[in-house]
$ cat protein-v8.cif   # mmCIF, C-alpha atoms, pLDDT in the B column; chains and numbers go by the auth columns
data_upload
#
loop_
_atom_site.group_PDB
_atom_site.id
_atom_site.type_symbol
_atom_site.label_atom_id
_atom_site.label_comp_id
_atom_site.label_asym_id
_atom_site.label_seq_id
_atom_site.Cartn_x
_atom_site.Cartn_y
_atom_site.Cartn_z
_atom_site.B_iso_or_equiv
_atom_site.auth_seq_id
_atom_site.auth_asym_id
ATOM 1 C CA MET A 1 54.777 -44.181 -44.939 56.00 231 A
ATOM 2 C CA SER A 2 51.799 -46.146 -46.015 57.00 232 A
ATOM 3 C CA SER A 3 50.529 -45.820 -49.512 59.00 233 A
ATOM 4 C CA VAL A 4 46.801 -45.566 -50.191 58.00 234 A
ATOM 5 C CA GLN A 5 45.693 -47.894 -52.931 53.00 235 A
ATOM 6 C CA PRO A 6 42.592 -47.176 -55.005 54.00 236 A
ATOM 7 C CA GLU A 7 39.786 -49.704 -55.057 57.00 237 A
ATOM 8 C CA GLU A 8 40.761 -50.833 -58.531 59.00 238 A
ATOM 9 C CA SER A 9 44.366 -51.794 -58.031 61.00 239 A
ATOM 10 C CA MET A 10 46.681 -53.174 -60.629 60.00 240 A
ATOM 11 C CA PRO A 11 46.537 -56.944 -61.095 62.00 241 A
ATOM 12 C CA ALA A 12 49.350 -58.977 -59.665 65.00 242 A
ATOM 13 C CA ALA A 13 51.893 -60.597 -61.909 67.00 243 A
ATOM 14 C CA GLY A 14 50.351 -63.490 -63.841 65.00 244 A
ATOM 15 C CA GLU A 15 46.727 -62.397 -63.391 69.00 245 A
ATOM 16 C CA SER A 16 44.663 -61.812 -66.501 67.00 246 A
ATOM 17 C CA VAL A 17 43.697 -58.252 -67.314 59.00 247 A
ATOM 18 C CA PRO A 18 40.002 -57.756 -68.055 58.00 248 A
ATOM 19 C CA GLU A 19 39.569 -56.326 -71.553 58.00 249 A
ATOM 20 C CA GLU A 20 37.258 -53.435 -72.284 55.00 250 A
ATOM 21 C CA VAL A 21 34.227 -54.194 -74.363 51.00 251 A
ATOM 22 C CA VAL A 22 35.007 -52.423 -77.607 51.00 252 A
ATOM 23 C CA PRO A 23 32.502 -52.324 -80.467 52.00 253 A
ATOM 24 C CA ALA A 24 33.490 -54.252 -83.576 52.00 254 A
ATOM 25 C CA ALA A 25 34.941 -52.449 -86.573 52.00 255 A
ATOM 26 C CA GLY A 26 32.274 -50.318 -88.257 50.00 256 A
ATOM 27 C CA GLU A 27 29.973 -50.610 -85.269 51.00 257 A
ATOM 28 C CA LEU A 28 29.383 -47.653 -82.996 49.00 258 A
ATOM 29 C CA ALA A 29 28.109 -47.873 -79.468 50.00 259 A
ATOM 30 C CA PRO A 30 24.774 -46.147 -78.920 51.00 260 A
ATOM 31 C CA GLU A 31 24.821 -42.925 -76.997 53.00 261 A
ATOM 32 C CA GLU A 32 22.105 -42.175 -74.508 55.00 262 A
ATOM 33 C CA GLY A 33 19.439 -39.799 -75.808 55.00 263 A
ATOM 34 C CA THR A 34 20.790 -39.471 -79.363 54.00 264 A
ATOM 35 C CA GLY A 35 18.125 -41.515 -81.138 56.00 265 A
ATOM 36 C CA MET A 36 20.824 -43.803 -82.473 53.00 266 A
ATOM 37 C CA ALA A 37 20.519 -47.561 -82.343 52.00 267 A
ATOM 38 C CA ARG A 38 23.421 -49.961 -82.091 55.00 268 A
ATOM 39 C CA GLY A 39 25.656 -49.838 -85.141 56.00 269 A
ATOM 40 C CA GLY A 40 25.375 -46.095 -85.691 62.00 270 A
ATOM 41 C CA ARG A 41 21.969 -46.417 -87.341 66.00 271 A
ATOM 42 C CA PRO A 42 19.150 -44.076 -86.342 67.00 272 A
ATOM 43 C CA SER A 43 16.461 -45.722 -84.266 76.00 273 A
ATOM 44 C CA ARG A 44 13.234 -46.721 -85.986 74.00 274 A
ATOM 45 C CA GLY A 45 11.325 -44.154 -83.940 77.00 275 A
ATOM 46 C CA SER A 46 13.675 -41.400 -85.043 78.00 276 A
ATOM 47 C CA VAL A 47 13.210 -42.319 -88.709 82.00 277 A
ATOM 48 C CA VAL A 48 9.422 -42.418 -88.355 85.00 278 A
ATOM 49 C CA ALA A 49 9.289 -39.114 -86.448 86.00 279 A
ATOM 50 C CA ARG A 50 11.351 -37.247 -89.036 88.00 280 A
ATOM 51 C CA GLY A 51 9.472 -38.876 -91.895 89.00 281 A
ATOM 52 C CA PHE A 52 6.140 -37.966 -90.319 90.00 282 A
ATOM 53 C CA GLY A 53 7.275 -34.347 -90.149 91.00 283 A
ATOM 54 C CA ILE A 54 7.993 -34.420 -93.895 91.00 284 A
ATOM 55 C CA ILE A 55 4.587 -36.004 -94.592 91.00 285 A
ATOM 56 C CA ALA A 56 2.790 -33.411 -92.442 93.00 286 A
ATOM 57 C CA ALA A 57 4.612 -30.566 -94.180 93.00 287 A
ATOM 58 C CA ALA A 58 3.736 -31.973 -97.610 92.00 288 A
ATOM 59 C CA ALA A 59 0.053 -32.370 -96.659 92.00 289 A
ATOM 60 C CA ALA A 60 -0.045 -28.803 -95.365 94.00 290 A
ATOM 61 C CA LEU A 61 1.625 -27.581 -98.571 92.00 291 A
ATOM 62 C CA LEU A 62 -0.936 -29.421 -100.698 90.00 292 A
ATOM 63 C CA ALA A 63 -3.865 -28.086 -98.652 91.00 293 A
ATOM 64 C CA CYS A 64 -2.530 -24.516 -98.803 93.00 294 A
ATOM 65 C CA GLY A 65 -2.074 -24.830 -102.563 91.00 295 A
ATOM 66 C CA VAL A 66 -5.675 -25.946 -103.045 90.00 296 A
ATOM 67 C CA LEU A 67 -6.970 -23.156 -100.796 91.00 297 A
ATOM 68 C CA ALA A 68 -4.890 -20.569 -102.643 92.00 298 A
ATOM 69 C CA TRP A 69 -6.262 -21.837 -105.954 91.00 299 A
ATOM 70 C CA ILE A 70 -9.848 -21.685 -104.689 89.00 300 A
ATOM 71 C CA THR A 71 -9.406 -18.062 -103.593 90.00 301 A
ATOM 72 C CA THR A 72 -8.336 -17.081 -107.127 91.00 302 A
ATOM 73 C CA LEU A 73 -11.626 -18.302 -108.629 87.00 303 A
ATOM 74 C CA PRO A 74 -14.352 -15.740 -109.297 85.00 304 A
ATOM 75 C CA GLY A 75 -16.792 -15.225 -106.425 81.00 305 A
ATOM 76 C CA THR A 76 -19.691 -14.064 -108.621 79.00 306 A
ATOM 77 C CA LYS A 77 -21.209 -15.325 -111.823 76.00 307 A
ATOM 78 C CA THR A 78 -20.396 -13.388 -114.961 77.00 308 A
ATOM 79 C CA ASP A 79 -23.808 -13.895 -116.593 77.00 309 A
ATOM 80 C CA GLY A 80 -25.681 -12.297 -113.689 71.00 310 A
ATOM 81 C CA SER A 81 -27.778 -15.387 -112.854 77.00 311 A
ATOM 82 C CA CYS A 82 -28.694 -16.211 -109.275 77.00 312 A
ATOM 83 C CA ASP A 83 -25.946 -17.422 -107.023 76.00 313 A
ATOM 84 C CA GLY A 84 -26.232 -20.016 -104.263 76.00 314 A
ATOM 85 C CA ILE A 85 -27.757 -23.401 -103.581 77.00 315 A
ATOM 86 C CA GLY A 86 -31.462 -24.041 -103.977 74.00 316 A
ATOM 87 C CA PHE A 87 -34.418 -22.462 -105.791 78.00 317 A
ATOM 88 C CA GLY A 88 -32.907 -23.215 -109.213 75.00 318 A
ATOM 89 C CA CYS A 89 -29.646 -21.436 -108.454 81.00 319 A
ATOM 90 C CA THR A 90 -26.158 -22.926 -108.646 82.00 320 A
ATOM 91 C CA PRO A 91 -23.060 -21.950 -106.661 83.00 321 A
ATOM 92 C CA ASN A 92 -20.415 -19.748 -108.230 82.00 322 A
ATOM 93 C CA GLN A 93 -17.035 -21.258 -109.121 84.00 323 A
ATOM 94 C CA ARG A 94 -15.369 -20.415 -105.810 87.00 324 A
ATOM 95 C CA ASP A 95 -18.193 -21.818 -103.680 86.00 325 A
ATOM 96 C CA GLY A 96 -18.554 -24.868 -105.924 85.00 326 A
ATOM 97 C CA MET A 97 -14.871 -25.759 -105.655 87.00 327 A
ATOM 98 C CA ALA A 98 -14.909 -25.169 -101.890 88.00 328 A
ATOM 99 C CA ILE A 99 -17.826 -27.607 -101.566 87.00 329 A
ATOM 100 C CA LEU A 100 -16.083 -30.118 -103.830 87.00 330 A
ATOM 101 C CA ALA A 101 -12.843 -29.770 -101.828 87.00 331 A
ATOM 102 C CA MET A 102 -14.701 -30.529 -98.594 89.00 332 A
ATOM 103 C CA ILE A 103 -16.660 -33.476 -100.008 90.00 333 A
ATOM 104 C CA MET A 104 -13.882 -35.108 -102.051 87.00 334 A
ATOM 105 C CA GLY A 105 -10.641 -33.353 -101.123 86.00 335 A
ATOM 106 C CA LEU A 106 -10.545 -34.034 -97.394 88.00 336 A
ATOM 107 C CA PRO A 107 -11.161 -37.802 -97.733 89.00 337 A
ATOM 108 C CA ALA A 108 -8.628 -37.948 -100.576 88.00 338 A
ATOM 109 C CA LEU A 109 -6.085 -36.144 -98.399 90.00 339 A
ATOM 110 C CA ALA A 110 -6.745 -38.591 -95.545 91.00 340 A
ATOM 111 C CA VAL A 111 -6.210 -41.585 -97.862 91.00 341 A
ATOM 112 C CA LEU A 112 -3.096 -39.940 -99.301 92.00 342 A
ATOM 113 C CA VAL A 113 -1.575 -39.436 -95.841 93.00 343 A
ATOM 114 C CA ALA A 114 -2.510 -43.005 -94.841 93.00 344 A
ATOM 115 C CA VAL A 115 -0.722 -44.408 -97.910 93.00 345 A
ATOM 116 C CA GLN A 116 2.309 -42.250 -97.156 93.00 346 A
ATOM 117 C CA LEU A 117 2.398 -43.465 -93.546 92.00 347 A
ATOM 118 C CA VAL A 118 2.270 -47.092 -94.713 93.00 348 A
ATOM 119 C CA VAL A 119 5.191 -46.468 -97.086 91.00 349 A
ATOM 120 C CA LEU A 120 7.109 -44.689 -94.304 91.00 350 A
ATOM 121 C CA THR A 121 6.512 -47.563 -91.887 89.00 351 A
ATOM 122 C CA VAL A 122 7.692 -50.117 -94.439 90.00 352 A
ATOM 123 C CA LEU A 123 10.826 -48.085 -95.116 88.00 353 A
ATOM 124 C CA ALA A 124 11.524 -47.683 -91.390 86.00 354 A
ATOM 125 C CA PHE A 125 11.184 -51.428 -90.780 85.00 355 A
ATOM 126 C CA ALA A 126 13.346 -52.136 -93.843 85.00 356 A
ATOM 127 C CA GLY A 127 16.193 -50.238 -92.185 81.00 357 A
ATOM 128 C CA ALA A 128 16.065 -46.747 -93.675 81.00 358 A
ATOM 129 C CA ARG A 129 18.971 -44.668 -92.409 83.00 359 A
ATOM 130 C CA SER A 130 17.451 -41.235 -92.972 85.00 360 A
ATOM 131 C CA GLY A 131 14.007 -40.178 -91.824 83.00 361 A
ATOM 132 C CA VAL A 132 14.054 -37.227 -94.209 88.00 362 A
ATOM 133 C CA ARG A 133 14.767 -39.434 -97.221 88.00 363 A
ATOM 134 C CA ALA A 134 12.184 -41.989 -96.122 89.00 364 A
ATOM 135 C CA GLY A 135 9.616 -39.202 -95.678 90.00 365 A
ATOM 136 C CA ILE A 136 10.362 -37.749 -99.105 92.00 366 A
ATOM 137 C CA ALA A 137 10.095 -41.212 -100.680 91.00 367 A
ATOM 138 C CA ALA A 138 6.737 -41.739 -98.962 92.00 368 A
ATOM 139 C CA VAL A 139 5.444 -38.330 -100.103 93.00 369 A
ATOM 140 C CA LEU A 140 6.540 -38.894 -103.696 93.00 370 A
ATOM 141 C CA THR A 141 4.968 -42.363 -103.722 93.00 371 A
ATOM 142 C CA GLY A 142 1.677 -40.962 -102.429 91.00 372 A
ATOM 143 C CA TRP A 143 1.644 -38.062 -104.883 91.00 373 A
ATOM 144 C CA ILE A 144 2.426 -40.355 -107.841 93.00 374 A
ATOM 145 C CA LEU A 145 -0.441 -42.662 -106.826 91.00 375 A
ATOM 146 C CA LEU A 146 -2.751 -39.650 -106.462 88.00 376 A
ATOM 147 C CA ALA A 147 -1.755 -38.381 -109.916 89.00 377 A
ATOM 148 C CA ALA A 148 -2.384 -41.835 -111.397 92.00 378 A
ATOM 149 C CA VAL A 149 -5.854 -42.020 -109.818 89.00 379 A
ATOM 150 C CA LEU A 150 -6.722 -38.504 -111.001 86.00 380 A
ATOM 151 C CA ALA A 151 -5.489 -39.298 -114.514 91.00 381 A
ATOM 152 C CA ALA A 152 -7.569 -42.484 -114.565 92.00 382 A
ATOM 153 C CA MET A 153 -10.648 -40.560 -113.417 88.00 383 A
ATOM 154 C CA ALA A 154 -10.084 -37.839 -116.029 88.00 384 A
ATOM 155 C CA THR A 155 -9.949 -40.313 -118.915 87.00 385 A
ATOM 156 C CA ARG A 156 -13.286 -41.969 -118.081 80.00 386 A
#
$ encode --input "protein-v8.cif" --output "structure tokens"
Amino acid sequence: MSSVQPEESMPAAGESVPEEVVPAAGELAPEEGTGMARGGRPSRGSVVARGFGIIAAAAALLACGVLAWITTLPGTKTDGSCDGIGFGCTPNQRDGMAILAMIMGLPALAVLVAVQLVVLTVLAFAGARSGVRAGIAAVLTGWILLAAVLAAMATR
């Protein structure tokens, strides 16, 4: 009888055996499609994507909070004076804050998100392991800077 040998046969006596490439201790091989880079670290894109999700959620939360606050303001004047813009009239509290939110709030929100994205990018390039933690750090940094600017404006 003849035996069928597979393509990868055993080496003959005295031949060297090729060793498998095994990652070093503490180093994990990347898996396809997992978002993990070499060494078991998340890829930079994965960190930025998760962090951006946290930043977007925080911006939406802030915008919803401002809108909810504006809707609680009175829609008419209590003294009965004219309501609106022009002809000696002034807007009521709700309309006035809505106008102020559009004129100052939207640009402030855009600057806030830009600062948070810069912080997130720096953290991602510095080797952050968690996109959620990097996103939270970016949001907290942006909100602290916003609070400092508002406090400085209030004391003028």
$ closest_residue --input "protein-v8.cif" --among "A:Cys294, A:Gly281, A:Gly275, A:Ala377" --to "A:Leu350" --atoms "all atoms listed in the file"
A:Gly281
$ resolve_selection --input "protein-v8.cif" --expression "the PyMOL selection byres ((chain A and resi 301) around 10)" --output "list in words"
Val296, Leu297, Ala298, Trp299, Ile300, Thr302, Leu303, Pro304, Gly305, Gln323, Arg324, Asp325, Met327 and Ala328 of chain A
$ atom_distance --input "protein-v8.cif" --atom1 "atom CA of A:Thr308" --atom2 "atom CA of A:Leu380"
28.9 Å
$ atom_distance --input "protein-v8.cif" --atom1 "atom CA of A:Ile285" --atom2 "atom CA of A:Leu347"
7.8 Å
$ resolve_selection --input "protein-v8.cif" --expression "the PyMOL selection byres ((chain A and resi 359) around 10)" --output "tab-separated table (two decimals) with C-alpha atoms, in the coordinates of the input"
chain	number	residue	atom	x	y	z
A	270	GLY	CA	25.38	-46.10	-85.69
A	271	ARG	CA	21.97	-46.42	-87.34
A	272	PRO	CA	19.15	-44.08	-86.34
A	273	SER	CA	16.46	-45.72	-84.27
A	274	ARG	CA	13.23	-46.72	-85.99
A	276	SER	CA	13.68	-41.40	-85.04
A	277	VAL	CA	13.21	-42.32	-88.71
A	353	LEU	CA	10.83	-48.08	-95.12
A	354	ALA	CA	11.52	-47.68	-91.39
A	356	ALA	CA	13.35	-52.14	-93.84
A	357	GLY	CA	16.19	-50.24	-92.18
A	358	ALA	CA	16.07	-46.75	-93.68
A	360	SER	CA	17.45	-41.24	-92.97
A	361	GLY	CA	14.01	-40.18	-91.82
A	362	VAL	CA	14.05	-37.23	-94.21
A	363	ARG	CA	14.77	-39.43	-97.22
A	364	ALA	CA	12.18	-41.99	-96.12
$ closest_residue --input "protein-v8.cif" --among "A:Ala382, A:Ala293, A:Ala368, A:Cys312" --to "A:Leu336" --atoms "only C-alpha atoms"
A:Ala293
$ closest_residue --input "protein-v8.cif" --among "A:Ala344, A:Ala289, A:Val369, A:Ile315" --to "A:Ile329" --atoms "only C-alpha atoms"
A:Ile315
$ atom_distance --input "protein-v8.cif" --atom1 "atom CA of A:Ala288" --atom2 "atom CA of A:Val349"
14.6 Å
